[in-house]
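Trainee: Before I ask anything, let me first share the structure, which is written out below as structure tokens.
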Protein chains: 2
Amino acid sequence: MNGGPLDGVRVVDLTTVVVGPICTRTLADYGADVIKVEAPAGDLLRTMARGSRNPGMSGKFINFNRNKRSIVLDLKKAEGLAAMKRLIANADVFVSNVRPEGLARAGLDYKSLAPKHPKLIHCSILAFGRGGRYYNRPAYDPIVQSLSGVAGTLARATGEPRFVPMVMSDHTSGLIAAQAIGFALYRREKTGKGEAIDVPMLENMASFVSSEHMGAMTFDPPVGPSGDNRLLTPDYRPLPTKDGYITVAPNTNPHAFGFFDAIGRPELKTDPRFDSPGSRTANSAAYFEVRKAGLAQKTTNEWLKIFDELDIPAARYNSIDDLLTDPHLTDVGFFSAEDHPTEGKIRRTKPANTFSGGDRSKLTHAPRLGEHTSEVLSEAGYSNAEIETMKAAGAVR
Amino acid sequence: MNGGPLDGVRVVDLTTVVVGPICTRTLADYGADVIKVEAPAGDLLRTMARGSRNPGMSGKFINFNRNKRSIVLDLKKAEGLAAMKRLIANADVFVSNVRPEGLARAGLDYKSLAPKHPKLIHCSILAFGRGGRYYNRPAYDPIVQSLSGVAGTLARATGEPRFVPMVMSDHTSGLIAAQAIGFALYRREKTGKGEAIDVPMLENMASFVSSEHMGAMTFDPPVGPSGDNRLLTPDYRPLPTKDGYITVAPNTNPHAFGFFDAIGRPELKTDPRFDSPGSRTANSAAYFEVRKAGLAQKTTNEWLKIFDELDIPAARYNSIDDLLTDPHLTDVGFFSAEDHPTEGKIRRTKPANTFSGGDRSKLTHAPRLGEHTSEVLSEAGYSNAEIETMKAAGAVR
């Protein structure tokens with residue numbers, strides 16, 4: 001057993017790239033036993049991302065696939081598909097991000113599996129939900145960022161549609177899939193029954209964007225334009241100091257008034273543009289101008305000291321590389337050294353959240369392609385001779 | 001009862017703005033009974049966001065607070081704090097995004113509550129985790145975007161640090177808090193015990209960014225620079241067509257080769273820069289140049305028809321406002337009309353995910369400040385006379 005809240009939960013994971021792998025990594029980080037089923041070519045992320053010591057073991061793949069075991073099954077071969085179904089028979093959860101029509105053709109859809117496995121939790125991560133015209137269309141993250149309004153938020157802020165430079169739709173939807181699986185595991189304890197969950201990426205990201213930016217268009221007829229203009233102001237960004245950047249968020253009146261004093265503009269406390277949270281939001285652009293002019297006068301460290309004393313939310317700006325030396329992250333041991341058996345010394349990040357009832361204690365390395373094929377098949381009841389026959393036939397690897 | 005996987009789960013919600021409210025909205029959307037405890041001034045989001053018909057009922061507040069009930073308690077008054085503790089005594093889950101020192105002073109930290117309430121799940125959403133030097137510092141979303149590398153990803157893509165124009169750290173961490181609560185609810189069914197969960201925003205977002213962008217720096221020593229250069233290419237965005245924008249994601253070989261044929265560049269199929277997923281990632285900038293030149297030749301609709309026939313992932317670009325008329329979202333009934341009892345006709349988005357075991361059926365409107373104070377206190381066992389006395393003393397409203 002691994003420890004962690006999901007200790008003892010067994011997950012069969014037929015997912016690739018990021019949306020599924022971050023879902024199952026989350027389940028694994030919090031205790032589940034995740035069996036990653038890969039096609040003979042392996043998860044595309046093994047080779048698509050740059051930066052590796054050995055082929056098929058990119059840094060990005062490693063980051064999204066720790067704490068899992070890898071088995072290679074060729075689902076186009078009868079024995080491979082039969083092995084898949086035997087794994088599912090022993091599992092609590094089956095997650096896939098395969099297109100629904102393909103899943104049904106293989107007999108791996110919920111309708112086909114549920115009669116024999118009434119306790120199975122069957123989670124389908126879909127690009128587009130059932131009942132809509134894009135259902136079953138192929139998609140990757142930028143497709144969903146393009147359709148869901150994520151790129152539209154940057155267009156409003158900068159004048160040009162642009163993706164968030166992370167696979168944000170994948171990553172967020174995958175985290176939500178893990179959430180939904182947790183909810184279904186809870187319900188199964190109450191009812192004794194499994195169920196099918198659909199997690200459509202477009203709908204999840206449209207919900208994300210519209211919750212933030214419907215704003216005045218929440219009302220019908222709208223009481224104003226869409227968009228939270230505070231977030232869409234071009235200067236909503238870390239602002240330049242004498243020697244770098246700083247972020248300061250004086251949102252409440254005490255914070256804002258303390259900030260006005262600190263930059264030597266006490267008269268702004270009674271300026272009707274800035275005297276309440278609502279008026280500061282309505283005058284976001286002007287409020288950012290005030291911040292910009294004030295912040296340029298001192299260095300980042302000078303400001304941080306001042307804002308710390310005033311208890312005003314403020315922070316330095318970290319580049320991606322700066323994360324490795326961030327003092328708080330260092331304090332909490334966010335990065336640790338791992339000796340990967342084939343990839344050598346690597347940096348491993350710790351799961352962000354802690355559970356007083358016990359966290360996962362058994363940590364395992366990101367698997368090489370098919371590293372656990374024999375072990376997992378053997379646990380599923382296959383004899384060594386059977387496994388050798390399947391290998392010879394190319395059904396497993 | 002509400003239906004949904006979390007049917008019967010009772011949540012006391014001492015959170016404000018977005019990080020806590022999206023956590024508890026998620027719990028509520030999937031069936032929990034969420035009691036939103038507000039200070040007499042109300043959640044800052046009621047007034048901070050623009051766009052409302054009546055004071056204190058901004059569109060953004062409405063979007064993040066549907067399906068909840070609101071009670072106003074003044075926790076600085078003894079009777080208000082006593083009522084809070086009585087609510088918690090009847091709850092399965094207590095969620096807060098109050099700074100930990102403040103929570104402890106009120107006796108609402110896990111250590112104070114656990115002895116009397118061993119089954120309580122106590123979730124603290126923190127800006128910064130325990131054990132690190134920023135612990136207990138104040139923070140809002142941009143502070144975390146600035147420190148966690150989110151702004152750093154846009155700096156790499158555009159040359160200038162910039163926030164994602166959504167409260168992405170809040171929103172994502174809140175979704176993760178709901179996930180963690182689901183895991184703890186599952187474990188409680190197994191063990192009969194509650195527990196404390198810490199959800200630190202900086203650590204969660206640093207995990208998000210570093211999973212995506214550690215890349216070659218996952219290895220120690222690094223095998224190359226950090227960053228997934230495919231995502232950090234300046235042209236990683238919806239690309240211009242003759243009459244608008246389009247997003248196309250030809251990642252696999254079949255998709256890429258079909259794309260090269262479609263734009264009349266079949267020779268690129270054997271170009272060593274573009275002949276495999278890995279080589280296309282290594283030459284991301286050049287691959288985007290090829291796409292840009294090709295896509296400019298036709299209109300968005302012409303391309304969409306071609307890519308649909310070739311089964312190549314592609315999509316139009318939606319602005320925030322376009323979401324309201326997106327054909328797929330319309331098909332699935334993503335937006336529905338709601339008659340809010342005080343705010344009139346509004347647009348409500350549906351929860352993105354579906355559960356075959358049953359979804360929440362009882363939908364309720366976003367509450368006015370203190371709308372359910374008497375109802376909730378009465379359920380907690382207070383008599384009408386007691387409630388009136390507390391109101392007169394200003395402890396509840």
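Every chain in the structure tokens takes a letter, A first, then B, and so on in the order presented; its residues are numbered from 1, and the ligands are numbered from 1 following the presented order.
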So that I can check the surroundings of Phe257 of chain B, please list as a PDB file with all heavy atoms, in the first residue's frame every protein, DNA and RNA residue that reaches within 10 Å of it, counting only C-alpha atoms and ignoring chain neighbours fewer than 5 positions away.
Mentor:
ATOM      1  N   PRO B 250      -1.620  20.131 -35.720  1.00  0.00           N
ATOM      2  CA  PRO B 250      -1.200  18.880 -36.361  1.00  0.00           C
ATOM      3  C   PRO B 250       0.021  18.313 -35.623  1.00  0.00           C
ATOM      4  O   PRO B 250       1.152  18.541 -36.026  1.00  0.00           O
ATOM      5  CB  PRO B 250      -0.859  19.311 -37.795  1.00  0.00           C
ATOM      6  CG  PRO B 250      -0.804  20.806 -37.794  1.00  0.00           C
ATOM      7  CD  PRO B 250      -1.066  21.289 -36.419  1.00  0.00           C
ATOM      8  N   ASN B 251      -0.226  17.563 -34.549  1.00  0.00           N
ATOM      9  CA  ASN B 251       0.862  17.092 -33.685  1.00  0.00           C
ATOM     10  C   ASN B 251       1.419  15.727 -34.085  1.00  0.00           C
ATOM     11  O   ASN B 251       2.618  15.510 -34.035  1.00  0.00           O
ATOM     12  CB  ASN B 251       0.382  17.024 -32.227  1.00  0.00           C
ATOM     13  CG  ASN B 251       0.174  18.404 -31.621  1.00  0.00           C
ATOM     14  OD1 ASN B 251       0.465  19.425 -32.258  1.00  0.00           O
ATOM     15  ND2 ASN B 251      -0.339  18.446 -30.410  1.00  0.00           N
ATOM     16  N   THR B 252       0.541  14.807 -34.446  1.00  0.00           N
ATOM     17  CA  THR B 252       1.019  13.472 -34.821  1.00  0.00           C
ATOM     18  C   THR B 252       1.504  13.498 -36.262  1.00  0.00           C
ATOM     19  O   THR B 252       1.212  14.433 -37.023  1.00  0.00           O
ATOM     20  CB  THR B 252      -0.117  12.435 -34.707  1.00  0.00           C
ATOM     21  OG1 THR B 252      -1.128  12.784 -35.662  1.00  0.00           O
ATOM     22  CG2 THR B 252      -0.727  12.414 -33.312  1.00  0.00           C
ATOM     23  N   ALA B 262      -2.252  19.736 -47.379  1.00  0.00           N
ATOM     24  CA  ALA B 262      -3.354  20.696 -47.522  1.00  0.00           C
ATOM     25  C   ALA B 262      -2.851  22.091 -47.873  1.00  0.00           C
ATOM     26  O   ALA B 262      -3.509  22.835 -48.600  1.00  0.00           O
ATOM     27  CB  ALA B 262      -4.179  20.745 -46.236  1.00  0.00           C
ATOM     28  N   ARG B 265       2.482  21.930 -49.435  1.00  0.00           N
ATOM     29  CA  ARG B 265       3.913  21.789 -49.153  1.00  0.00           C
ATOM     30  C   ARG B 265       4.272  20.330 -48.855  1.00  0.00           C
ATOM     31  O   ARG B 265       4.861  20.022 -47.807  1.00  0.00           O
ATOM     32  CB  ARG B 265       4.326  22.660 -47.945  1.00  0.00           C
ATOM     33  CG  ARG B 265       4.043  24.146 -48.056  1.00  0.00           C
ATOM     34  CD  ARG B 265       4.979  24.852 -49.016  1.00  0.00           C
ATOM     35  NE  ARG B 265       6.396  24.658 -48.708  1.00  0.00           N
ATOM     36  CZ  ARG B 265       7.070  25.399 -47.814  1.00  0.00           C
ATOM     37  NH1 ARG B 265       6.468  26.366 -47.138  1.00  0.00           N
ATOM     38  NH2 ARG B 265       8.348  25.171 -47.605  1.00  0.00           N
ATOM     39  N   PRO B 266       3.919  19.395 -49.767  1.00  0.00           N
ATOM     40  CA  PRO B 266       4.130  17.974 -49.477  1.00  0.00           C
ATOM     41  C   PRO B 266       5.594  17.627 -49.224  1.00  0.00           C
ATOM     42  O   PRO B 266       5.894  16.653 -48.524  1.00  0.00           O
ATOM     43  CB  PRO B 266       3.609  17.272 -50.747  1.00  0.00           C
ATOM     44  CG  PRO B 266       3.628  18.312 -51.819  1.00  0.00           C
ATOM     45  CD  PRO B 266       3.352  19.600 -51.123  1.00  0.00           C
ATOM     46  N   GLU B 267       6.521  18.443 -49.741  1.00  0.00           N
ATOM     47  CA  GLU B 267       7.944  18.152 -49.553  1.00  0.00           C
ATOM     48  C   GLU B 267       8.374  18.221 -48.082  1.00  0.00           C
ATOM     49  O   GLU B 267       9.393  17.654 -47.689  1.00  0.00           O
ATOM     50  CB  GLU B 267       8.793  19.112 -50.406  1.00  0.00           C
ATOM     51  CG  GLU B 267       8.927  20.540 -49.871  1.00  0.00           C
ATOM     52  CD  GLU B 267       7.722  21.446 -50.149  1.00  0.00           C
ATOM     53  OE1 GLU B 267       6.697  20.951 -50.665  1.00  0.00           O
ATOM     54  OE2 GLU B 267       7.799  22.647 -49.831  1.00  0.00           O
ATOM     55  N   LEU B 268       7.560  18.897 -47.267  1.00  0.00           N
ATOM     56  CA  LEU B 268       7.947  19.041 -45.855  1.00  0.00           C
ATOM     57  C   LEU B 268       7.803  17.726 -45.088  1.00  0.00           C
ATOM     58  O   LEU B 268       8.356  17.574 -44.006  1.00  0.00           O
ATOM     59  CB  LEU B 268       7.104  20.135 -45.185  1.00  0.00           C
ATOM     60  CG  LEU B 268       7.307  21.548 -45.761  1.00  0.00           C
ATOM     61  CD1 LEU B 268       6.377  22.543 -45.062  1.00  0.00           C
ATOM     62  CD2 LEU B 268       8.765  21.996 -45.628  1.00  0.00           C
ATOM     63  N   LYS B 269       7.072  16.771 -45.661  1.00  0.00           N
ATOM     64  CA  LYS B 269       6.877  15.487 -44.976  1.00  0.00           C
ATOM     65  C   LYS B 269       8.189  14.748 -44.773  1.00  0.00           C
ATOM     66  O   LYS B 269       8.348  13.970 -43.835  1.00  0.00           O
ATOM     67  CB  LYS B 269       5.901  14.597 -45.774  1.00  0.00           C
ATOM     68  CG  LYS B 269       4.479  15.138 -45.754  1.00  0.00           C
ATOM     69  CD  LYS B 269       3.495  14.190 -46.417  1.00  0.00           C
ATOM     70  CE  LYS B 269       3.470  14.402 -47.922  1.00  0.00           C
ATOM     71  NZ  LYS B 269       2.398  13.606 -48.581  1.00  0.00           N
ATOM     72  N   THR B 270       9.134  14.993 -45.657  1.00  0.00           N
ATOM     73  CA  THR B 270      10.435  14.331 -45.513  1.00  0.00           C
ATOM     74  C   THR B 270      11.537  15.309 -45.102  1.00  0.00           C
ATOM     75  O   THR B 270      12.707  14.953 -45.043  1.00  0.00           O
ATOM     76  CB  THR B 270      10.832  13.626 -46.827  1.00  0.00           C
ATOM     77  OG1 THR B 270      10.701  14.576 -47.901  1.00  0.00           O
ATOM     78  CG2 THR B 270       9.924  12.434 -47.104  1.00  0.00           C
ATOM     79  N   PHE B 274      10.762  18.449 -39.822  1.00  0.00           N
ATOM     80  CA  PHE B 274       9.323  18.284 -39.594  1.00  0.00           C
ATOM     81  C   PHE B 274       8.836  16.845 -39.718  1.00  0.00           C
ATOM     82  O   PHE B 274       7.645  16.598 -39.810  1.00  0.00           O
ATOM     83  CB  PHE B 274       8.535  19.155 -40.601  1.00  0.00           C
ATOM     84  CG  PHE B 274       8.933  20.600 -40.591  1.00  0.00           C
ATOM     85  CD1 PHE B 274       9.359  21.234 -41.766  1.00  0.00           C
ATOM     86  CD2 PHE B 274       8.892  21.344 -39.409  1.00  0.00           C
ATOM     87  CE1 PHE B 274       9.714  22.579 -41.762  1.00  0.00           C
ATOM     88  CE2 PHE B 274       9.264  22.690 -39.400  1.00  0.00           C
ATOM     89  CZ  PHE B 274       9.677  23.299 -40.579  1.00  0.00           C
ATOM     90  N   ASP B 275       9.762  15.875 -39.726  1.00  0.00           N
ATOM     91  CA  ASP B 275       9.339  14.516 -40.062  1.00  0.00           C
ATOM     92  C   ASP B 275       8.936  13.659 -38.860  1.00  0.00           C
ATOM     93  O   ASP B 275       8.568  12.497 -39.032  1.00  0.00           O
ATOM     94  CB  ASP B 275      10.425  13.816 -40.896  1.00  0.00           C
ATOM     95  CG  ASP B 275      11.724  13.661 -40.115  1.00  0.00           C
ATOM     96  OD1 ASP B 275      11.815  14.211 -38.988  1.00  0.00           O
ATOM     97  OD2 ASP B 275      12.644  13.009 -40.628  1.00  0.00           O
ATOM     98  N   SER B 276       9.003  14.208 -37.642  1.00  0.00           N
ATOM     99  CA  SER B 276       8.562  13.463 -36.456  1.00  0.00           C
ATOM    100  C   SER B 276       8.093  14.451 -35.398  1.00  0.00           C
ATOM    101  O   SER B 276       8.440  15.638 -35.458  1.00  0.00           O
ATOM    102  CB  SER B 276       9.715  12.620 -35.899  1.00  0.00           C
ATOM    103  OG  SER B 276      10.634  13.465 -35.216  1.00  0.00           O
ATOM    104  N   ILE B 312      -8.034  16.598 -39.063  1.00  0.00           N
ATOM    105  CA  ILE B 312      -6.922  17.296 -38.402  1.00  0.00           C
ATOM    106  C   ILE B 312      -7.507  18.248 -37.360  1.00  0.00           C
ATOM    107  O   ILE B 312      -8.394  19.037 -37.673  1.00  0.00           O
ATOM    108  CB  ILE B 312      -6.090  18.090 -39.437  1.00  0.00           C
ATOM    109  CG1 ILE B 312      -5.392  17.123 -40.387  1.00  0.00           C
ATOM    110  CG2 ILE B 312      -5.077  18.999 -38.742  1.00  0.00           C
ATOM    111  CD1 ILE B 312      -4.689  17.803 -41.554  1.00  0.00           C
TER     112      ILE B 312
END
Trainee: Give me the residues within 8 Å of Arg348 of chain A as a PyMOL selection string, counting only C-alpha atoms and dropping any in the same chain fewer than 6 places off.
Mentor: (chain A and resi 63+335-338) or (chain B and resi 218)
Trainee: For those residues, write N, CA, C and O atoms to a file as a PDB file, in the first residue's frame.
Mentor:
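Below is the file result_6.pdb, written as the result:
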ATOM      1  N   ASN A  63       7.841  14.327 -15.488  1.00  0.00           N
ATOM      2  CA  ASN A  63       7.099  15.138 -14.520  1.00  0.00           C
ATOM      3  C   ASN A  63       5.629  14.723 -14.403  1.00  0.00           C
ATOM      4  O   ASN A  63       5.041  14.820 -13.334  1.00  0.00           O
ATOM      5  N   PHE A 335      11.413  21.195  -4.302  1.00  0.00           N
ATOM      6  CA  PHE A 335      12.201  20.369  -5.224  1.00  0.00           C
ATOM      7  C   PHE A 335      13.074  19.424  -4.411  1.00  0.00           C
ATOM      8  O   PHE A 335      13.722  19.836  -3.451  1.00  0.00           O
ATOM      9  N   SER A 336      13.090  18.171  -4.794  1.00  0.00           N
ATOM     10  CA  SER A 336      14.005  17.252  -4.127  1.00  0.00           C
ATOM     11  C   SER A 336      14.779  16.479  -5.187  1.00  0.00           C
ATOM     12  O   SER A 336      14.392  16.424  -6.353  1.00  0.00           O
ATOM     13  N   ALA A 337      15.907  15.906  -4.755  1.00  0.00           N
ATOM     14  CA  ALA A 337      16.753  15.158  -5.674  1.00  0.00           C
ATOM     15  C   ALA A 337      16.271  13.717  -5.724  1.00  0.00           C
ATOM     16  O   ALA A 337      16.017  13.095  -4.684  1.00  0.00           O
ATOM     17  N   GLU A 338      16.120  13.203  -6.925  1.00  0.00           N
ATOM     18  CA  GLU A 338      15.718  11.802  -7.086  1.00  0.00           C
ATOM     19  C   GLU A 338      16.770  11.108  -7.947  1.00  0.00           C
ATOM     20  O   GLU A 338      17.256  11.692  -8.913  1.00  0.00           O
TER      21      GLU A 338
ATOM     22  N   THR B 218      14.640  19.360 -15.683  1.00  0.00           N
ATOM     23  CA  THR B 218      14.249  18.275 -14.778  1.00  0.00           C
ATOM     24  C   THR B 218      15.491  17.484 -14.381  1.00  0.00           C
ATOM     25  O   THR B 218      15.565  16.932 -13.282  1.00  0.00           O
TER      26      THR B 218
END
Trainee: Among segment 142-294 of chain A, which residues carry a DSSP assignment of alpha helix (DSSP H), reported as a ChimeraX atom specification?
Mentor: /A:142-148,150-158,168-191,201-213,229-232,253-262,277-282,284-294
Trainee: How would the residues just chosen look if you wrote them out with C-alpha atoms as an mmCIF file, in the first residue's frame?
Mentor:
data_model
loop_
_atom_site.group_PDB
_atom_site.id
_atom_site.type_symbol
_atom_site.label_atom_id
_atom_site.label_comp_id
_atom_site.auth_asym_id
_atom_site.auth_seq_id
_atom_site.Cartn_x
_atom_site.Cartn_y
_atom_site.Cartn_z
ATOM 1 C CA PRO A 142 -4.698 24.918 -28.195
ATOM 2 C CA ILE A 143 -7.932 23.944 -29.936
ATOM 3 C CA VAL A 144 -9.725 24.220 -26.607
ATOM 4 C CA GLN A 145 -7.913 27.434 -25.635
ATOM 5 C CA SER A 146 -8.994 28.866 -28.992
ATOM 6 C CA LEU A 147 -12.667 27.915 -28.615
ATOM 7 C CA SER A 148 -13.169 28.437 -24.890
ATOM 8 C CA VAL A 150 -8.867 31.568 -23.001
ATOM 9 C CA ALA A 151 -7.082 33.084 -26.031
ATOM 10 C CA GLY A 152 -9.860 35.676 -26.036
ATOM 11 C CA THR A 153 -8.879 36.934 -22.596
ATOM 12 C CA LEU A 154 -5.357 37.706 -23.825
ATOM 13 C CA ALA A 155 -6.831 39.360 -26.918
ATOM 14 C CA ARG A 156 -8.741 41.730 -24.668
ATOM 15 C CA ALA A 157 -5.629 42.449 -22.581
ATOM 16 C CA THR A 158 -3.089 42.816 -25.393
ATOM 17 C CA MET A 168 -3.792 25.052 -19.551
ATOM 18 C CA SER A 169 -6.971 23.422 -20.881
ATOM 19 C CA ASP A 170 -5.435 19.972 -20.645
ATOM 20 C CA HIS A 171 -3.887 20.584 -17.269
ATOM 21 C CA THR A 172 -6.971 22.164 -15.705
ATOM 22 C CA SER A 173 -9.399 19.625 -17.167
ATOM 23 C CA GLY A 174 -7.179 16.785 -15.967
ATOM 24 C CA LEU A 175 -7.155 18.179 -12.434
ATOM 25 C CA ILE A 176 -10.944 18.431 -12.662
ATOM 26 C CA ALA A 177 -11.184 14.822 -13.856
ATOM 27 C CA ALA A 178 -9.291 13.723 -10.736
ATOM 28 C CA GLN A 179 -11.707 15.797 -8.692
ATOM 29 C CA ALA A 180 -14.732 14.155 -10.326
ATOM 30 C CA ILE A 181 -13.254 10.706 -9.728
ATOM 31 C CA GLY A 182 -12.835 11.561 -6.046
ATOM 32 C CA PHE A 183 -16.492 12.565 -5.846
ATOM 33 C CA ALA A 184 -17.557 9.303 -7.517
ATOM 34 C CA LEU A 185 -15.350 7.237 -5.200
ATOM 35 C CA TYR A 186 -17.091 8.907 -2.279
ATOM 36 C CA ARG A 187 -20.540 8.190 -3.702
ATOM 37 C CA ARG A 188 -19.593 4.575 -4.399
ATOM 38 C CA GLU A 189 -18.820 4.110 -0.709
ATOM 39 C CA LYS A 190 -22.348 5.339 0.052
ATOM 40 C CA THR A 191 -24.255 3.485 -2.683
ATOM 41 C CA MET A 201 -12.549 20.034 -21.897
ATOM 42 C CA LEU A 202 -14.334 22.757 -23.851
ATOM 43 C CA GLU A 203 -17.200 22.943 -21.376
ATOM 44 C CA ASN A 204 -14.797 23.020 -18.427
ATOM 45 C CA MET A 205 -12.717 25.815 -19.886
ATOM 46 C CA ALA A 206 -15.765 27.769 -21.077
ATOM 47 C CA SER A 207 -16.988 27.532 -17.490
ATOM 48 C CA PHE A 208 -13.605 28.788 -16.242
ATOM 49 C CA VAL A 209 -13.568 31.772 -18.610
ATOM 50 C CA SER A 210 -17.215 32.713 -18.322
ATOM 51 C CA SER A 211 -17.226 32.554 -14.525
ATOM 52 C CA GLU A 212 -14.451 35.123 -14.583
ATOM 53 C CA HIS A 213 -15.459 37.292 -17.509
ATOM 54 C CA ASN A 229 -11.729 45.029 -16.679
ATOM 55 C CA ARG A 230 -9.350 44.929 -13.725
ATOM 56 C CA LEU A 231 -7.829 41.722 -15.124
ATOM 57 C CA LEU A 232 -8.018 42.900 -18.744
ATOM 58 C CA ASN A 253 -9.236 49.933 1.536
ATOM 59 C CA PRO A 254 -6.600 49.508 4.284
ATOM 60 C CA HIS A 255 -4.157 48.078 1.744
ATOM 61 C CA ALA A 256 -4.902 50.711 -0.903
ATOM 62 C CA PHE A 257 -4.702 53.612 1.540
ATOM 63 C CA GLY A 258 -1.438 52.298 2.997
ATOM 64 C CA PHE A 259 -0.109 52.003 -0.541
ATOM 65 C CA PHE A 260 -1.068 55.598 -1.409
ATOM 66 C CA ASP A 261 0.793 56.775 1.683
ATOM 67 C CA ALA A 262 3.819 54.649 0.807
ATOM 68 C CA PRO A 277 -12.861 48.581 -4.059
ATOM 69 C CA GLY A 278 -15.633 49.220 -6.576
ATOM 70 C CA SER A 279 -14.322 52.628 -7.650
ATOM 71 C CA ARG A 280 -10.784 51.255 -7.991
ATOM 72 C CA THR A 281 -12.089 48.452 -10.199
ATOM 73 C CA ALA A 282 -14.051 50.944 -12.304
ATOM 74 C CA SER A 284 -8.463 50.052 -13.125
ATOM 75 C CA ALA A 285 -6.391 51.625 -15.871
ATOM 76 C CA ALA A 286 -5.859 54.811 -13.866
ATOM 77 C CA TYR A 287 -5.094 52.803 -10.728
ATOM 78 C CA PHE A 288 -2.404 50.885 -12.609
ATOM 79 C CA GLU A 289 -0.948 54.192 -13.885
ATOM 80 C CA VAL A 290 -0.666 55.381 -10.286
ATOM 81 C CA ARG A 291 1.035 52.143 -9.295
ATOM 82 C CA LYS A 292 3.425 52.268 -12.221
ATOM 83 C CA ALA A 293 4.536 55.808 -11.516
ATOM 84 C CA GLY A 294 4.966 55.114 -7.808
#
Trainee: So, with only C-alpha atoms as the atoms that count, which of B:Phe355, B:Arg53, B:Lys391, B:Glu375 lies closest to Leu73 of chain B?
Mentor: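 Checking each candidate against Leu73 of chain B, we get B:Lys391 as the closest.
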Trainee: Counting only C-alpha atoms, what is within 6 Å of segment 39-50 of chain B, bar same-chain residues fewer than 2 positions away, as a ChimeraX atom specification?
Mentor: /A:277-278 /B:16-17,56-58,61,72-74
Trainee: If you run DSSP over the backbone, which residues in segment 220-387 of chain A end up strand (DSSP E or B)? Put them as a list in words.
Mentor: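 Written out, the strand (DSSP E or B) residues of segment 220-387 of chain A are Leu239, Pro240, Tyr245, Ile246, Thr247, Val248, Ala314, Ala315, Arg316, Phe335, Ser336, Ala337, Glu338, Asp339, His340, Gly344, Lys345, Ile346, Arg347, Arg348, Thr349, Thr354, Phe355 and Arg360 of chain A.
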Trainee: Atom CA of Gly59 of chain B and atom CA of Val95 of chain B are how many Å apart?
Mentor: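 Between atom CA of Gly59 of chain B and atom CA of Val95 of chain B the gap works out to 23.2 Å.
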Trainee: Between atom CA of His372 of chain B and atom CA of Ile125 of chain B, measure the distance and give it in Å to one decimal.
Mentor: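 For atom CA of His372 of chain B relative to atom CA of Ile125 of chain B, the distance reads 24.7 Å.
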Trainee: Just want the 10 Å neighbourhood of segment 75-81 of chain A, counted on only C-alpha atoms, with same-chain residues fewer than 2 positions away dropped. Output as a list in words.
Mentor: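 Close residues of segment 75-81 of chain A: Val37, Glu38, Ala39, Pro40, Val72, Leu73, Ala83, Met84, Lys85, Arg86, Leu87, Ala106, Gly107, Leu108, Thr389, Met390, Lys391, Ala393, Gly394, Ala395, Val396 and Arg397 of chain A.
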Trainee: Restricting the calculation to only C-alpha atoms: of B:His340, B:Arg360, B:His328, B:Ala380, which residue gets closest to Ala89 of chain B?
Mentor: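 Closest candidate: B:Ala380.
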Trainee: What is the distance between atom CA of Asp92 of chain A and atom CA of Asn65 of chain A, in Å to one decimal?
Mentor: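 Here the two named atoms are 19.4 Å from each other.
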Trainee: Can you list, as a list in words, every protein, DNA or RNA residue that comes within 6 Å of Ile320 of chain B when you count only C-alpha atoms, leaving out same-chain residues fewer than 2 positions away?
Mentor: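 After dropping sequence-adjacent residues, the list is Gly149 and Gly152 of chain A; Asp322 and Leu323 of chain B.
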Trainee: Produce a file of the selected residues containing N, CA, C and O atoms, as a PDB file, in the first residue's frame.
Mentor:
ATOM      1  N   GLY A 149     -12.384  30.728 -25.170  1.00  0.00           N
ATOM      2  CA  GLY A 149     -12.233  32.111 -24.725  1.00  0.00           C
ATOM      3  C   GLY A 149     -10.945  32.369 -23.955  1.00  0.00           C
ATOM      4  O   GLY A 149     -10.676  33.510 -23.589  1.00  0.00           O
ATOM      5  N   GLY A 152      -9.086  34.432 -25.987  1.00  0.00           N
ATOM      6  CA  GLY A 152      -9.860  35.676 -26.036  1.00  0.00           C
ATOM      7  C   GLY A 152      -9.573  36.600 -24.869  1.00  0.00           C
ATOM      8  O   GLY A 152      -9.661  37.829 -25.000  1.00  0.00           O
TER       9      GLY A 152
ATOM     10  N   ASP B 322     -18.065  35.687 -27.962  1.00  0.00           N
ATOM     11  CA  ASP B 322     -18.479  34.621 -28.893  1.00  0.00           C
ATOM     12  C   ASP B 322     -18.971  33.372 -28.167  1.00  0.00           C
ATOM     13  O   ASP B 322     -19.684  32.555 -28.754  1.00  0.00           O
ATOM     14  N   LEU B 323     -18.548  33.196 -26.895  1.00  0.00           N
ATOM     15  CA  LEU B 323     -18.992  31.997 -26.165  1.00  0.00           C
ATOM     16  C   LEU B 323     -20.510  31.887 -26.164  1.00  0.00           C
ATOM     17  O   LEU B 323     -21.068  30.784 -26.248  1.00  0.00           O
TER      18      LEU B 323
END
Trainee: Of the candidates A:Asp109, A:Glu160, A:Glu386, A:Glu343, which one gets nearest to Ala196 of chain A if we count only C-alpha atoms?
Mentor: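 Smallest distance to Ala196 of chain A is found for A:Asp109.
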Trainee: Here is a test: counting only C-alpha atoms, which residue of A:Pro165, A:Gly129, A:Gly358, A:Pro138 is nearest to Leu310 of chain B?
Mentor: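 Smallest separation from Leu310 of chain B among the options: A:Pro138.
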